[in-house]
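Enquirer: Handing over protein07.cif, mmCIF, C-alpha atoms.
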data_data
#
loop_
_atom_site.label_atom_id
_atom_site.label_comp_id
_atom_site.auth_asym_id
_atom_site.auth_seq_id
_atom_site.Cartn_x
_atom_site.Cartn_y
_atom_site.Cartn_z
CA MET R 52 119.95 109.01 -32.22
CA ALA R 53 119.75 107.25 -28.91
CA PHE R 54 123.46 106.99 -28.20
CA VAL R 55 123.94 110.74 -28.29
CA SER R 56 121.92 111.28 -25.16
CA PHE R 57 123.55 108.40 -23.35
CA ILE R 58 126.63 109.26 -21.39
CA GLY R 59 128.54 106.63 -19.46
CA PRO R 60 130.94 103.73 -19.41
CA ALA R 61 128.59 101.66 -21.58
CA TYR R 62 130.12 103.47 -24.53
CA ALA R 63 133.69 102.92 -23.50
CA ALA R 64 135.72 101.96 -26.52
CA THR R 65 139.26 101.84 -27.84
CA PRO R 66 140.61 103.79 -30.82
CA PRO R 67 140.92 100.60 -32.97
CA GLU R 68 137.29 99.69 -32.14
CA LEU R 69 136.06 103.12 -33.14
CA LEU R 70 138.12 102.98 -36.32
CA LYS R 71 136.61 99.60 -37.19
CA GLY R 72 133.14 101.07 -36.69
CA TYR R 73 133.78 103.97 -39.08
CA GLU R 74 135.39 101.66 -41.64
CA ALA R 75 132.35 99.38 -41.46
CA GLN R 76 130.20 102.33 -42.54
CA SER R 77 132.58 103.32 -45.35
CA SER R 78 135.72 101.66 -46.63
CA LYS R 79 139.32 101.10 -45.49
CA ALA R 80 140.87 104.13 -43.84
CA SER R 81 143.79 106.00 -45.36
CA PRO R 82 146.11 107.70 -42.85
CA ALA R 83 147.67 109.79 -45.64
CA ARG R 84 144.25 111.07 -46.68
CA GLY R 85 143.45 111.71 -43.01
CA GLU R 86 146.58 113.80 -42.52
CA GLN R 87 145.78 115.88 -45.57
CA PHE R 88 142.17 116.35 -44.46
CA PHE R 89 143.29 117.37 -40.97
CA ASN R 90 145.66 120.07 -42.18
CA ALA R 91 143.56 121.50 -45.00
CA LYS R 92 140.93 124.20 -44.86
CA HIS R 93 137.55 123.20 -46.20
CA GLY R 94 135.99 126.45 -47.32
CA LYS R 95 135.84 128.05 -43.90
CA GLU R 96 138.33 129.96 -41.81
CA TRP R 97 139.75 127.08 -39.78
CA SER R 98 141.32 123.68 -40.31
CA CYS R 99 141.46 120.97 -37.63
CA ALA R 100 145.07 122.07 -37.13
CA SER R 101 144.00 125.64 -36.29
CA CYS R 102 143.36 124.48 -32.75
CA HIS R 103 145.03 121.03 -32.58
CA GLU R 104 148.19 121.94 -34.57
CA ASN R 105 150.30 119.56 -36.64
CA PRO R 106 151.32 117.12 -35.37
CA PRO R 107 148.64 117.08 -32.63
CA ASN R 108 150.92 115.41 -30.10
CA HIS R 109 151.26 118.24 -27.53
CA ASP R 110 149.20 120.75 -25.54
CA THR R 111 147.85 123.40 -27.89
CA LYS R 112 145.71 126.50 -27.55
CA HIS R 113 142.23 127.23 -28.83
CA ILE R 114 142.66 129.68 -31.69
CA VAL R 115 140.12 132.16 -30.29
CA THR R 116 140.06 131.79 -26.53
CA GLY R 117 143.61 130.61 -25.82
CA LYS R 118 142.31 127.81 -23.60
CA VAL R 119 144.70 124.84 -23.44
CA ILE R 120 143.60 121.81 -25.46
CA LYS R 121 145.10 118.45 -24.48
CA PRO R 122 146.89 116.46 -27.21
CA LEU R 123 144.51 114.85 -29.69
CA SER R 124 146.58 111.82 -30.67
CA PRO R 125 145.59 108.73 -28.66
CA ASN R 126 149.28 107.75 -28.63
CA VAL R 127 150.05 110.70 -26.41
CA ASN R 128 146.77 111.14 -24.57
CA ALA R 129 145.08 107.97 -23.32
CA GLU R 130 141.80 109.81 -22.77
CA ARG R 131 141.28 110.35 -26.50
CA PHE R 132 138.93 108.18 -28.57
CA VAL R 133 137.80 105.99 -25.68
CA ASP R 134 134.20 107.23 -25.38
CA GLN R 135 132.00 106.91 -28.44
CA ALA R 136 129.45 109.53 -27.40
CA LYS R 137 132.17 112.04 -26.67
CA VAL R 138 133.93 111.35 -29.96
CA GLU R 139 130.68 111.75 -31.93
CA LYS R 140 129.84 114.97 -30.10
CA TRP R 141 133.17 116.55 -30.93
CA PHE R 142 133.19 115.37 -34.55
CA LYS R 143 129.76 116.98 -34.94
CA ARG R 144 130.76 120.29 -33.36
CA ASN R 145 134.19 120.61 -34.92
CA CYS R 146 133.26 119.38 -38.40
CA ASN R 147 130.53 122.03 -38.42
CA ASP R 148 133.13 124.64 -37.52
CA VAL R 149 135.66 123.50 -40.12
CA LEU R 150 133.47 122.20 -42.99
CA ALA R 151 130.03 123.69 -42.27
CA ARG R 152 128.63 120.13 -42.31
CA GLU R 153 129.01 116.86 -40.48
CA CYS R 154 131.93 114.63 -41.42
CA THR R 155 131.36 111.39 -43.29
CA ALA R 156 132.29 108.04 -41.77
CA GLN R 157 135.13 107.84 -44.32
CA GLU R 158 136.55 111.19 -43.21
CA LYS R 159 136.35 110.17 -39.56
CA ALA R 160 138.03 106.83 -40.34
CA ASP R 161 140.84 108.54 -42.28
CA VAL R 162 141.56 111.15 -39.60
CA LEU R 163 141.41 108.67 -36.75
CA SER R 164 143.70 106.22 -38.56
CA TRP R 165 146.26 109.01 -38.97
CA LEU R 166 145.93 110.21 -35.35
CA MET R 167 146.62 106.63 -34.25
CA ILE R 168 150.04 106.71 -35.89
CA VAL R 169 151.00 110.26 -34.89
CA LYS R 170 153.97 109.98 -32.56
CA MET J 24 127.95 165.46 10.29
CA LYS J 25 131.01 163.33 9.72
CA THR J 26 128.99 160.27 8.81
CA TYR J 27 127.62 162.04 5.74
CA PHE J 28 131.12 161.93 4.29
CA LEU J 29 132.08 158.63 5.77
CA LEU J 30 129.18 156.59 4.46
CA PRO J 31 129.71 157.21 0.75
CA LEU J 32 133.42 156.64 1.28
CA LEU J 33 132.78 153.29 2.91
CA ALA J 34 130.46 152.29 0.11
CA LEU J 35 133.15 153.18 -2.39
CA LEU J 36 135.77 151.16 -0.55
CA ALA J 37 133.48 148.16 -0.41
CA MET J 38 132.89 148.13 -4.16
CA PRO J 39 136.10 146.56 -5.47
CA ALA J 40 135.84 143.82 -2.87
CA SER J 41 132.35 142.81 -3.93
CA ALA J 42 133.29 142.94 -7.59
CA ALA J 43 136.39 140.83 -7.04
CA LYS J 44 134.43 137.81 -5.81
CA MET J 45 132.31 135.99 -8.35
CA THR J 46 132.32 132.74 -6.50
CA MET J 47 131.82 129.53 -8.43
CA PRO J 48 128.88 127.79 -6.74
CA SER J 49 129.96 124.44 -5.32
CA ASP J 50 127.01 122.60 -6.83
CA ALA J 51 128.03 122.98 -10.49
CA PRO J 52 126.90 119.91 -12.46
CA LYS J 53 129.77 117.83 -13.83
CA SER J 54 128.46 118.55 -17.30
CA TYR J 55 129.26 122.25 -16.90
CA GLU J 56 132.99 121.58 -16.80
CA ALA J 57 132.81 118.87 -19.47
CA GLU J 58 130.59 120.71 -21.93
CA CYS J 59 131.35 124.36 -21.33
CA ALA J 60 134.95 124.46 -20.22
CA SER J 61 136.69 122.63 -23.07
CA CYS J 62 137.09 125.70 -25.26
CA HIS J 63 136.99 128.41 -22.62
CA MET J 64 137.15 128.62 -18.84
CA ALA J 65 134.10 127.69 -16.80
CA TYR J 66 132.65 131.15 -16.31
CA PRO J 67 130.99 131.68 -12.93
CA PRO J 68 127.25 132.08 -13.61
CA GLY J 69 127.20 135.33 -11.66
CA LEU J 70 128.99 137.08 -14.53
CA LEU J 71 125.74 137.35 -16.52
CA GLY J 72 122.05 137.86 -15.84
CA GLN J 73 119.29 135.35 -16.54
CA LYS J 74 118.24 136.75 -19.92
CA ASN J 75 121.79 136.48 -21.27
CA TRP J 76 122.19 132.89 -20.07
CA GLN J 77 118.81 131.98 -21.58
CA ASN J 78 119.89 133.39 -24.93
CA ILE J 79 123.23 131.58 -24.83
CA MET J 80 121.72 128.22 -23.90
CA SER J 81 119.06 128.41 -26.59
CA GLY J 82 121.61 129.05 -29.34
CA LEU J 83 124.46 126.64 -28.62
CA ASP J 84 124.61 125.40 -32.23
CA LYS J 85 125.77 128.90 -33.16
CA HIS J 86 127.89 129.80 -30.16
CA PHE J 87 130.11 132.81 -30.90
CA GLY J 88 131.10 131.37 -34.26
CA THR J 89 131.29 127.72 -33.27
CA ASP J 90 128.98 124.75 -32.89
CA ALA J 91 128.76 123.99 -29.17
CA SER J 92 125.59 121.92 -29.34
CA ILE J 93 124.81 119.44 -26.56
CA ASP J 94 122.05 116.93 -26.00
CA ALA J 95 118.71 118.11 -24.60
CA LYS J 96 119.08 116.52 -21.19
CA THR J 97 122.46 118.11 -20.50
CA GLU J 98 121.28 121.42 -21.89
CA SER J 99 118.38 121.54 -19.46
CA GLU J 100 120.59 120.51 -16.53
CA ILE J 101 123.12 123.26 -17.24
CA SER J 102 120.44 125.86 -18.00
CA GLN J 103 118.65 125.32 -14.72
CA TRP J 104 121.86 125.68 -12.78
CA LEU J 105 122.95 128.80 -14.66
CA LEU J 106 119.57 130.50 -14.17
CA LYS J 107 119.52 129.62 -10.48
CA ASN J 108 122.95 131.20 -10.00
CA ALA J 109 122.77 134.06 -12.50
CA ALA J 110 123.60 137.59 -11.39
CA THR J 111 120.79 139.26 -9.50
CA LYS J 112 122.25 142.61 -8.53
CA GLN J 113 121.32 145.29 -11.05
CA LYS J 114 124.98 146.08 -11.72
CA TYR J 115 125.84 142.60 -12.98
CA SER J 116 122.51 141.47 -14.33
CA ALA J 117 122.20 144.41 -16.73
CA PHE J 118 121.85 143.01 -20.25
CA ALA J 119 125.20 142.29 -21.90
CA PRO J 120 125.09 143.09 -25.65
CA GLU J 121 125.52 140.01 -27.90
CA ASN J 122 125.38 137.95 -24.68
CA ARG J 123 129.07 138.60 -24.26
CA ILE J 124 130.43 138.97 -20.72
CA THR J 125 133.10 141.19 -22.25
CA LYS J 126 130.44 143.63 -23.48
CA ALA J 127 128.65 143.96 -20.17
CA PRO J 128 128.73 147.54 -18.86
CA TRP J 129 130.50 146.50 -15.63
CA PHE J 130 133.16 144.56 -17.58
CA ILE J 131 133.94 147.51 -19.81
CA ARG J 132 134.13 149.87 -16.85
CA LYS J 133 136.39 147.53 -14.88
CA HIS J 134 138.82 147.17 -17.79
CA ASP J 135 138.89 150.72 -19.09
CA GLU J 136 142.56 151.11 -18.08
CA VAL J 137 143.66 148.15 -20.19
CA ARG J 138 145.20 149.36 -23.44
CA SER J 139 144.01 147.76 -26.68
CA ASP J 140 147.43 146.25 -27.47
CA VAL J 141 147.38 144.35 -24.16
CA TRP J 142 144.29 142.41 -25.26
CA LYS J 143 146.13 141.34 -28.41
CA ARG J 144 149.21 139.90 -26.68
CA ALA J 145 149.79 136.20 -27.37
CA GLY J 146 149.53 135.49 -23.65
CA VAL J 147 146.08 137.07 -23.51
CA LYS J 148 144.57 136.36 -26.95
CA SER J 149 141.04 137.42 -26.06
CA PRO J 150 139.19 139.43 -23.41
CA ALA J 151 137.25 136.22 -22.79
CA ASN J 152 140.45 134.58 -21.53
CA CYS J 153 140.01 135.74 -17.91
CA SER J 154 142.72 133.40 -16.61
CA ALA J 155 145.39 135.12 -18.69
CA CYS J 156 145.54 137.93 -16.11
CA HIS J 157 143.30 136.74 -13.25
CA ALA J 158 145.22 133.68 -12.03
CA ASP J 159 142.36 132.44 -9.84
CA ALA J 160 139.55 133.27 -12.25
CA THR J 161 138.30 129.70 -12.36
CA LYS J 162 137.68 129.92 -8.63
CA GLY J 163 135.77 133.13 -9.15
CA ASN J 164 138.52 135.30 -7.70
CA PHE J 165 139.02 138.50 -9.70
CA ASP J 166 140.74 140.37 -6.90
CA GLU J 167 142.88 143.25 -8.17
CA ASP J 168 145.83 142.12 -6.05
CA SER J 169 146.12 138.84 -7.91
CA ILE J 170 146.20 140.34 -11.40
CA ARG J 171 149.29 139.43 -13.45
CA ILE J 172 149.25 140.84 -16.97
CA PRO J 173 151.41 138.82 -19.42
CA ALA J 174 154.29 140.88 -20.82
CA LYS J 175 153.86 139.36 -24.28
#
Would you mind writing the structure in this file as structure tokens?

Expert:
Amino acid sequence: MAFVSFIGPAYAATPPELLKGYEAQSSKASPARGEQFFNAKHGKEWSCASCHENPPNHDTKHIVTGKVIKPLSPNVNAERFVDQAKVEKWFKRNCNDVLARECTAQEKADVLSWLMIVK
Amino acid sequence: MKTYFLLPLLALLAMPASAAKMTMPSDAPKSYEAECASCHMAYPPGLLGQKNWQNIMSGLDKHFGTDASIDAKTESEISQWLLKNAATKQKYSAFAPENRITKAPWFIRKHDEVRSDVWKRAGVKSPANCSACHADATKGNFDEDSIRIPAK
């Protein structure tokens, strides 16, 4: 995929724009489903919350290395979900870690829609 | 006659100083911080030899239990820089088992006074978390005088 290798402001986006994109590939997002998905384990050792905690509205620590992770919710951290390539890269990496597969557009839409209302 | 005793002594005194500096080269590509320092600190390349860095960079999709994959262009940029700045002295370039800095012979020797319960403290979490005790680790300063071990 071409966009993966392209890094730069051309892929600047806003959280609502990204959400719209994922919804266009699936169906309407459900924040409740996203919250559940975020906090559940999916057959492997970790959930999303293992590193990002619940609610993900504060600095947290990587479960293995202890490195500080900035808040994930775009309400608290304006640098989240504003770069499509970066968002796709992290969904790929972290979904592999949590689910042993890539996430579907529906799962991304659900999680993002919940993160957008986390206070 | 005196110098026979003095020389080895001087060499011994010089050792901790050379080990304490693992300077971060100033020409690190921006991608190194962005891609490699999100989950752990940006390790100075001089902490491992070339073979270890090659192994790490060719297996990023299975990176110590996580997927740390990056695109090909960034991978080659980071690889070249790591290999250029990898450890060259025998002591630090000796192969680290499992490509882990924390399993390198010099690392084990340097930390042999640290009790096993210290590694497990919440403030430390992992031997890979250099900054827990070495406050200036990200600058490549591992000087013994600046070590602060978390109490919990």

Enquirer: Care to translate the PyMOL selection byres ((chain J) within 6 of (chain R)) into actual residues of this file, as a JSON list (two decimals) with C-alpha atoms, in the frame of the given file?

Expert:
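So the final result, stored in expr-v7.json, reads:
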[["chain", "number", "residue", "atom", "x", "y", "z"],
["J", 62, "CYS", "CA", 137.09, 125.70, -25.26],
["J", 63, "HIS", "CA", 136.99, 128.41, -22.62],
["J", 89, "THR", "CA", 131.29, 127.72, -33.27],
["J", 90, "ASP", "CA", 128.98, 124.75, -32.89],
["J", 91, "ALA", "CA", 128.76, 123.99, -29.17],
["J", 94, "ASP", "CA", 122.05, 116.93, -26.00],
["J", 148, "LYS", "CA", 144.57, 136.36, -26.95],
["J", 149, "SER", "CA", 141.04, 137.42, -26.06],
["J", 152, "ASN", "CA", 140.45, 134.58, -21.53]]

Enquirer: I'd like to see the residues matched by the PyMOL selection byres ((chain R and resi 80) around 12) on this file, and ideally I'd get them as a VMD selection string.

Expert: chain R and resid 67 69 to 79 81 to 86 155 to 167

Enquirer: Please, could you write that set of residues out with C-alpha atoms as an mmCIF file, keeping the file's coordinate frame?

Expert:
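And here's out_19.cif as it stands now:
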data_model
loop_
_atom_site.group_PDB
_atom_site.id
_atom_site.type_symbol
_atom_site.label_atom_id
_atom_site.label_comp_id
_atom_site.auth_asym_id
_atom_site.auth_seq_id
_atom_site.Cartn_x
_atom_site.Cartn_y
_atom_site.Cartn_z
ATOM 1 C CA PRO R 67 140.920 100.600 -32.970
ATOM 2 C CA LEU R 69 136.060 103.120 -33.140
ATOM 3 C CA LEU R 70 138.120 102.980 -36.320
ATOM 4 C CA LYS R 71 136.610 99.600 -37.190
ATOM 5 C CA GLY R 72 133.140 101.070 -36.690
ATOM 6 C CA TYR R 73 133.780 103.970 -39.080
ATOM 7 C CA GLU R 74 135.390 101.660 -41.640
ATOM 8 C CA ALA R 75 132.350 99.380 -41.460
ATOM 9 C CA GLN R 76 130.200 102.330 -42.540
ATOM 10 C CA SER R 77 132.580 103.320 -45.350
ATOM 11 C CA SER R 78 135.720 101.660 -46.630
ATOM 12 C CA LYS R 79 139.320 101.100 -45.490
ATOM 13 C CA SER R 81 143.790 106.000 -45.360
ATOM 14 C CA PRO R 82 146.110 107.700 -42.850
ATOM 15 C CA ALA R 83 147.670 109.790 -45.640
ATOM 16 C CA ARG R 84 144.250 111.070 -46.680
ATOM 17 C CA GLY R 85 143.450 111.710 -43.010
ATOM 18 C CA GLU R 86 146.580 113.800 -42.520
ATOM 19 C CA THR R 155 131.360 111.390 -43.290
ATOM 20 C CA ALA R 156 132.290 108.040 -41.770
ATOM 21 C CA GLN R 157 135.130 107.840 -44.320
ATOM 22 C CA GLU R 158 136.550 111.190 -43.210
ATOM 23 C CA LYS R 159 136.350 110.170 -39.560
ATOM 24 C CA ALA R 160 138.030 106.830 -40.340
ATOM 25 C CA ASP R 161 140.840 108.540 -42.280
ATOM 26 C CA VAL R 162 141.560 111.150 -39.600
ATOM 27 C CA LEU R 163 141.410 108.670 -36.750
ATOM 28 C CA SER R 164 143.700 106.220 -38.560
ATOM 29 C CA TRP R 165 146.260 109.010 -38.970
ATOM 30 C CA LEU R 166 145.930 110.210 -35.350
ATOM 31 C CA MET R 167 146.620 106.630 -34.250
#

Enquirer: My list of candidates is R:Ala64, R:Cys99, R:Leu123, R:Ala91. Which is closest to Ile168 of chain R when distances are computed with all atoms listed in the file?

Expert: R:Leu123

Enquirer: Would you work out the distance separating atom CA of Gly82 of chain J from atom CA of Glu58 of chain J, expressed in Å to one decimal?

Expert: 14.3 Å

Enquirer: Check which residues satisfy the PyMOL selection byres ((chain J and resi 67) around 8) in the file shown, then give them as a list of chain:residue names.

Expert: J:Met45, J:Thr46, J:Met47, J:Pro48, J:Ala65, J:Tyr66, J:Pro68, J:Gly69, J:Leu70, J:Thr161, J:Gly163

Enquirer: Any idea what the distance is between atom CA of Cys153 of chain J and atom CA of Ala95 of chain J?

Expert: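 Spanning atom CA of Cys153 of chain J to atom CA of Ala95 of chain J is a straight-line distance of 28.4 Å.
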
Enquirer: State, in Å with one decimal place, the distance from atom CA of Leu105 of chain J to atom CA of Trp76 of chain J.

Expert: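 Computed distance, atom CA of Leu105 of chain J to atom CA of Trp76 of chain J, equals 6.8 Å.
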
Enquirer: From the set R:Val138, R:Ala100, R:Val127, R:Cys154, which residue has the shortest atom-to-atom contact distance to Ala63 of chain R, counting all atoms listed in the file?

Expert: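 Closest to Ala63 of chain R of all the choices is R:Val138.
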
Enquirer: Please supply segment 129-141 of chain J, rebuilt with N, CA and C atoms, as a PDB file, in the frame of the given file.

Expert:
ATOM      1  N   TRP J 129     129.543 146.583 -16.746  1.00  0.00           N
ATOM      2  CA  TRP J 129     130.500 146.500 -15.630  1.00  0.00           C
ATOM      3  C   TRP J 129     131.857 146.013 -16.107  1.00  0.00           C
ATOM      4  N   PHE J 130     131.883 145.088 -17.092  1.00  0.00           N
ATOM      5  CA  PHE J 130     133.160 144.560 -17.580  1.00  0.00           C
ATOM      6  C   PHE J 130     133.958 145.679 -18.252  1.00  0.00           C
ATOM      7  N   ILE J 131     133.272 146.426 -19.084  1.00  0.00           N
ATOM      8  CA  ILE J 131     133.940 147.510 -19.810  1.00  0.00           C
ATOM      9  C   ILE J 131     134.494 148.546 -18.829  1.00  0.00           C
ATOM     10  N   ARG J 132     133.688 148.882 -17.821  1.00  0.00           N
ATOM     11  CA  ARG J 132     134.130 149.870 -16.850  1.00  0.00           C
ATOM     12  C   ARG J 132     135.344 149.376 -16.072  1.00  0.00           C
ATOM     13  N   LYS J 133     135.294 148.100 -15.676  1.00  0.00           N
ATOM     14  CA  LYS J 133     136.390 147.530 -14.880  1.00  0.00           C
ATOM     15  C   LYS J 133     137.703 147.451 -15.655  1.00  0.00           C
ATOM     16  N   HIS J 134     137.611 147.375 -16.984  1.00  0.00           N
ATOM     17  CA  HIS J 134     138.820 147.170 -17.790  1.00  0.00           C
ATOM     18  C   HIS J 134     139.197 148.390 -18.599  1.00  0.00           C
ATOM     19  N   ASP J 135     138.651 149.550 -18.227  1.00  0.00           N
ATOM     20  CA  ASP J 135     138.890 150.720 -19.090  1.00  0.00           C
ATOM     21  C   ASP J 135     140.339 151.204 -19.048  1.00  0.00           C
ATOM     22  N   GLU J 136     141.141 150.700 -18.103  1.00  0.00           N
ATOM     23  CA  GLU J 136     142.560 151.110 -18.080  1.00  0.00           C
ATOM     24  C   GLU J 136     143.431 150.196 -18.941  1.00  0.00           C
ATOM     25  N   VAL J 137     142.858 149.103 -19.416  1.00  0.00           N
ATOM     26  CA  VAL J 137     143.660 148.150 -20.190  1.00  0.00           C
ATOM     27  C   VAL J 137     143.771 148.635 -21.636  1.00  0.00           C
ATOM     28  N   ARG J 138     145.012 148.854 -22.073  1.00  0.00           N
ATOM     29  CA  ARG J 138     145.200 149.360 -23.440  1.00  0.00           C
ATOM     30  C   ARG J 138     144.855 148.283 -24.479  1.00  0.00           C
ATOM     31  N   SER J 139     144.500 148.714 -25.673  1.00  0.00           N
ATOM     32  CA  SER J 139     144.010 147.760 -26.680  1.00  0.00           C
ATOM     33  C   SER J 139     145.099 146.767 -27.085  1.00  0.00           C
ATOM     34  N   ASP J 140     146.378 147.186 -27.058  1.00  0.00           N
ATOM     35  CA  ASP J 140     147.430 146.250 -27.470  1.00  0.00           C
ATOM     36  C   ASP J 140     147.630 145.131 -26.445  1.00  0.00           C
ATOM     37  N   VAL J 141     147.251 145.385 -25.193  1.00  0.00           N
ATOM     38  CA  VAL J 141     147.380 144.350 -24.160  1.00  0.00           C
ATOM     39  C   VAL J 141     146.460 143.176 -24.465  1.00  0.00           C
TER      40      VAL J 141
END
